>>> print(open('coords-v7.txt').read())   # compact mmCIF, C-alpha atoms
# COMPACT_ATOMS: atom_id res chain seq x y z
CA MET X 1 14.45 1.96 -21.75
CA SER X 2 17.53 -0.19 -21.40
CA ALA X 3 18.67 -3.09 -23.58
CA THR X 4 18.04 -5.41 -20.64
CA ASN X 5 14.36 -4.35 -20.48
CA ASP X 6 13.98 -4.85 -24.24
CA LEU X 7 15.58 -8.29 -24.03
CA THR X 8 13.33 -9.23 -21.09
CA LYS X 9 10.23 -8.24 -23.10
CA ILE X 10 11.41 -10.32 -26.06
CA ILE X 11 12.11 -13.35 -23.86
CA ASN X 12 8.70 -13.03 -22.18
CA LYS X 13 6.96 -12.87 -25.57
CA LEU X 14 8.96 -15.86 -26.77
CA GLN X 15 8.08 -17.89 -23.66
CA LYS X 16 4.40 -17.06 -24.10
CA THR X 17 4.56 -18.10 -27.76
CA VAL X 18 6.30 -21.39 -26.95
CA LYS X 19 3.58 -22.19 -24.39
CA GLN X 20 0.94 -21.52 -27.05
CA ALA X 21 2.81 -23.68 -29.57
CA VAL X 22 2.66 -26.74 -27.30
CA SER X 23 -0.84 -26.07 -26.01
CA ARG X 24 -3.60 -28.62 -26.52
CA ALA X 25 -5.26 -26.26 -29.02
CA ALA X 26 -2.12 -26.09 -31.18
CA LEU X 27 -1.57 -29.85 -30.94
CA LYS X 28 -5.21 -30.44 -31.84
CA GLU X 29 -4.68 -28.61 -35.15
CA VAL X 30 -1.59 -30.71 -35.85
CA GLY X 31 -3.53 -33.86 -34.98
CA ILE X 32 -6.32 -33.00 -37.40
CA PHE X 33 -3.76 -32.34 -40.13
CA ALA X 34 -2.04 -35.69 -39.44
CA ARG X 35 -5.36 -37.55 -39.37
CA ASP X 36 -6.31 -36.07 -42.74
CA ILE X 37 -2.99 -37.22 -44.23
CA VAL X 38 -3.50 -40.79 -42.96
CA VAL X 39 -7.09 -40.95 -44.24
CA LYS X 40 -6.21 -39.54 -47.66
CA ARG X 41 -3.26 -41.92 -48.12
CA THR X 42 -5.39 -44.88 -47.11
CA ARG X 43 -8.17 -43.93 -49.53
CA LEU X 44 -5.55 -43.75 -52.26
CA GLY X 45 -4.67 -47.38 -51.50
CA TYR X 46 -1.46 -47.09 -49.47
CA GLY X 47 -0.53 -48.25 -45.99
CA VAL X 48 2.40 -47.90 -43.62
CA GLU X 49 3.48 -50.91 -41.56
CA SER X 50 5.27 -49.01 -38.76
CA ASN X 51 5.72 -45.44 -37.60
CA PHE X 52 8.09 -43.51 -39.86
CA GLY X 53 8.23 -46.43 -42.29
CA SER X 54 7.68 -46.24 -46.02
CA LYS X 55 4.27 -46.17 -47.56
CA ALA X 56 3.42 -49.11 -49.79
CA ALA X 57 0.41 -50.07 -51.89
CA PHE X 58 -2.04 -52.39 -50.17
CA ALA X 59 -2.11 -55.95 -51.44
CA GLY X 60 -4.68 -56.49 -54.17
CA LEU X 61 -8.12 -57.90 -53.49
CA SER X 62 -9.04 -61.48 -54.34
CA ASP X 63 -11.25 -62.05 -57.38
CA LYS X 64 -13.95 -63.50 -55.13
CA TYR X 65 -13.94 -60.41 -52.93
CA LYS X 66 -13.98 -58.08 -55.96
CA LYS X 67 -17.12 -59.82 -57.23
CA ARG X 68 -18.77 -59.50 -53.82
CA ARG X 69 -17.91 -55.80 -53.68
CA ALA X 70 -19.26 -55.26 -57.20
CA SER X 71 -22.70 -56.46 -56.08
CA SER X 72 -22.72 -54.61 -52.73
CA ASP X 73 -23.53 -51.05 -51.73
CA LEU X 74 -20.01 -49.58 -51.79
CA SER X 75 -19.00 -46.18 -50.55
CA PRO X 76 -18.78 -43.63 -53.38
CA LEU X 77 -15.12 -43.18 -52.34
CA THR X 78 -14.05 -46.53 -53.78
CA ARG X 79 -14.48 -49.04 -56.61
CA PRO X 80 -14.96 -52.81 -56.47
CA ASN X 81 -11.36 -53.50 -57.56
CA LYS X 82 -9.70 -50.84 -55.37
CA SER X 83 -7.83 -52.03 -52.28
CA ASN X 84 -8.12 -48.96 -50.06
CA LEU X 85 -9.84 -50.15 -46.84
CA THR X 86 -13.02 -48.43 -47.98
CA ASN X 87 -16.02 -50.69 -48.27
CA THR X 88 -18.74 -48.73 -46.52
CA GLY X 89 -16.45 -45.79 -45.69
CA GLN X 90 -17.39 -45.93 -42.00
CA MET X 91 -13.97 -46.76 -40.59
CA LEU X 92 -12.04 -43.96 -42.29
CA ALA X 93 -14.87 -41.49 -41.68
CA SER X 94 -14.67 -42.33 -37.98
CA MET X 95 -10.97 -41.43 -37.67
CA LYS X 96 -10.36 -38.89 -34.92
CA SER X 97 -7.31 -37.26 -33.42
CA PHE X 98 -6.96 -36.90 -29.66
CA THR X 99 -4.58 -34.74 -27.66
CA PRO X 100 -4.27 -36.19 -24.16
CA ARG X 101 -2.75 -33.99 -21.48
CA ASP X 102 0.74 -35.47 -21.88
CA GLY X 103 1.44 -33.54 -25.11
CA THR X 104 1.00 -36.45 -27.51
CA ILE X 105 -1.34 -36.88 -30.44
CA GLU X 106 -3.31 -40.08 -31.02
CA ILE X 107 -5.11 -40.92 -34.25
CA ARG X 108 -7.56 -43.83 -34.25
CA PRO X 109 -10.89 -45.05 -35.57
CA THR X 110 -13.82 -44.52 -33.22
CA GLY X 111 -17.42 -45.55 -32.76
CA LYS X 112 -19.71 -48.43 -33.69
CA ARG X 113 -20.63 -49.41 -37.21
CA ASP X 114 -23.93 -50.29 -38.83
CA ASP X 115 -22.92 -53.98 -38.82
CA GLY X 116 -22.44 -54.06 -35.02
CA TYR X 117 -18.64 -54.08 -34.98
CA THR X 118 -16.53 -51.16 -33.82
CA ASN X 119 -14.36 -49.30 -36.30
CA GLU X 120 -11.36 -50.13 -34.13
CA ASP X 121 -12.21 -53.85 -34.51
CA ILE X 122 -12.26 -53.48 -38.30
CA ALA X 123 -8.91 -51.65 -38.31
CA GLU X 124 -7.37 -54.41 -36.17
CA PHE X 125 -8.94 -57.13 -38.34
CA ASN X 126 -7.33 -55.57 -41.42
CA ALA X 127 -3.97 -55.04 -39.73
CA ILE X 128 -3.70 -58.67 -38.64
CA GLY X 129 -4.69 -60.24 -41.92
CA GLY X 130 -5.69 -63.87 -42.14
CA LYS X 131 -5.34 -67.16 -43.95
CA ASN X 132 -6.10 -65.80 -47.43
CA ARG X 133 -6.04 -62.15 -46.46
CA PRO X 134 -2.79 -60.16 -46.35
CA PRO X 135 -2.47 -57.57 -43.59
CA ARG X 136 -3.39 -54.02 -44.49
CA VAL X 137 -1.84 -51.71 -41.87
CA PHE X 138 -2.73 -48.05 -42.33
CA ASN X 139 -2.76 -46.19 -39.02
CA PHE X 140 0.88 -45.15 -38.83
CA VAL X 141 2.64 -42.05 -40.15
CA SER X 142 5.24 -42.56 -42.86
CA ASN X 143 8.60 -40.82 -42.83
CA ASN X 144 7.53 -38.42 -45.60
CA GLU X 145 4.25 -37.68 -43.83
CA TYR X 146 6.16 -36.96 -40.63
CA PHE X 147 8.08 -34.23 -42.44
CA GLN X 148 4.82 -32.79 -43.83
CA ILE X 149 3.46 -32.63 -40.29
CA ILE X 150 6.65 -30.95 -39.04
CA ARG X 151 6.36 -28.32 -41.81
CA PHE X 152 2.73 -27.72 -40.83
CA TYR X 153 3.72 -27.32 -37.17
CA ARG X 154 6.54 -24.93 -38.07
CA ARG X 155 4.14 -22.77 -40.10
CA THR X 156 1.79 -22.71 -37.11
CA PHE X 157 4.65 -21.68 -34.80
CA THR X 158 5.78 -19.00 -37.26
CA ASP X 159 2.24 -17.64 -37.39
CA LEU X 160 2.21 -17.43 -33.58
CA LEU X 161 5.50 -15.53 -33.63
CA LYS X 162 4.07 -13.05 -36.13
CA LYS X 163 1.03 -12.50 -33.92
CA VAL X 164 3.21 -11.38 -31.02
CA LYS X 165 5.37 -9.36 -33.44
CA LEU X 166 8.55 -11.18 -32.64
>>> encode(input="coords-v7.txt", output="structure tokens")
Amino acid sequence: MSATNDLTKIINKLQKTVKQAVSRAALKEVGIFARDIVVKRTRLGYGVESNFGSKAAFAGLSDKYKKRRASSDLSPLTRPNKSNLTNTGQMLASMKSFTPRDGTIEIRPTGKRDDGYTNEDIAEFNAIGGKNRPPRVFNFVSNNEYFQIIRFYRRTFTDLLKKVKL
């Protein structure tokens, strides 16, 4: 066996591993990881106004709204005074990640709610804000979260390399 044959085998294994690393299945795992980060951060009361921006605490709730929340059937994942985009919990529970064929990952709320609106409508309503309602943008990835996702992806790629014994 020559060095050229050994090098060809290594290159073939590496090419196969790279194809697996950018496959829809691999990107789906990364998308789920990213979605979970966005949902957890939002439930903790932080948003991100643009991709790779800084996370910042959501604006506080008005006293009137806090009173209304105190007398409503809130999700067990929140409190009446907590500004974390969790009232019923439906919007954040509906978050899904999608991996279209072009190699990208999309994270967005999906489905209809019990109140007749779509979860996407509620996300947009919160992002825009209003007269007495500051915007609460949550569906972006912060700079720090981006690096967490990159580390996750690298671990996945390293695991693939180990599987092919490279």
>>> residues_around(input="coords-v7.txt", residues="X:Phe98", least_positions_apart="4", cutoff="7 Å", atoms="all atoms listed in the file", output="PDB file with C-alpha atoms, in the frame of the given file")
ATOM      1  CA  ILE X 105      -1.340 -36.880 -30.440  1.00  0.00           C
ATOM      2  CA  GLU X 106      -3.310 -40.080 -31.020  1.00  0.00           C
ATOM      3  CA  ILE X 107      -5.110 -40.920 -34.250  1.00  0.00           C
TER       4      ILE X 107
END
>>> residues_around(input="coords-v7.txt", residues="stretch 143-159 of chain X", least_positions_apart="4", cutoff="8 Å", atoms="only C-alpha atoms", output="VMD selection string")
chain X and resid 17 21 26 30 33 to 34 37 51 to 54 163
>>> closest_residue(input="coords-v7.txt", among="X:Arg136, X:Lys16, X:Lys40, X:Lys9", to="X:Ala57", atoms="only C-alpha atoms")
X:Arg136
>>> atom_distance(input="coords-v7.txt", atom1="atom CA of X:Gly31", atom2="atom CA of X:Ser97")
5.3 Å
>>> atom_distance(input="coords-v7.txt", atom1="atom CA of X:Val38", atom2="atom CA of X:Lys55")
10.5 Å
>>> closest_residue(input="coords-v7.txt", among="X:Ser72, X:Thr110, X:Asn126, X:Gln15", to="X:Val164", atoms="all atoms listed in the file")
X:Gln15
>>> residues_around(input="coords-v7.txt", residues="X:Pro80", least_positions_apart="6", cutoff="9 Å", atoms="all atoms listed in the file", output="number ranges by chain")
X: 65-72, 74, 87
>>> atom_distance(input="coords-v7.txt", atom1="atom CA of X:Gln90", atom2="atom CA of X:Arg43")
12.1 Å
>>> residues_around(input="coords-v7.txt", residues="X:Arg133", least_positions_apart="6", cutoff="9 Å", atoms="all atoms listed in the file", output="mmCIF file with C-alpha atoms, in the frame of the given file")
data_model
loop_
_atom_site.group_PDB
_atom_site.id
_atom_site.type_symbol
_atom_site.label_atom_id
_atom_site.label_comp_id
_atom_site.auth_asym_id
_atom_site.auth_seq_id
_atom_site.Cartn_x
_atom_site.Cartn_y
_atom_site.Cartn_z
ATOM 1 C CA ALA X 59 -2.110 -55.950 -51.440
ATOM 2 C CA LEU X 61 -8.120 -57.900 -53.490
ATOM 3 C CA SER X 62 -9.040 -61.480 -54.340
ATOM 4 C CA ASN X 126 -7.330 -55.570 -41.420
#
>>> axis_aligned_box(input="coords-v7.txt", around="stretch 16-35 of chain X", padding_each_side="6 Å", output="AutoDock Vina command-line options")
--center_x 0.0 --center_y -27.3 --center_z -32.1 --size_x 24.6 --size_y 32.5 --size_z 28.0
>>> closest_residue(input="coords-v7.txt", among="X:Leu160, X:Leu44, X:Leu27, X:Ile11", to="X:Thr104", atoms="all atoms listed in the file")
X:Leu27
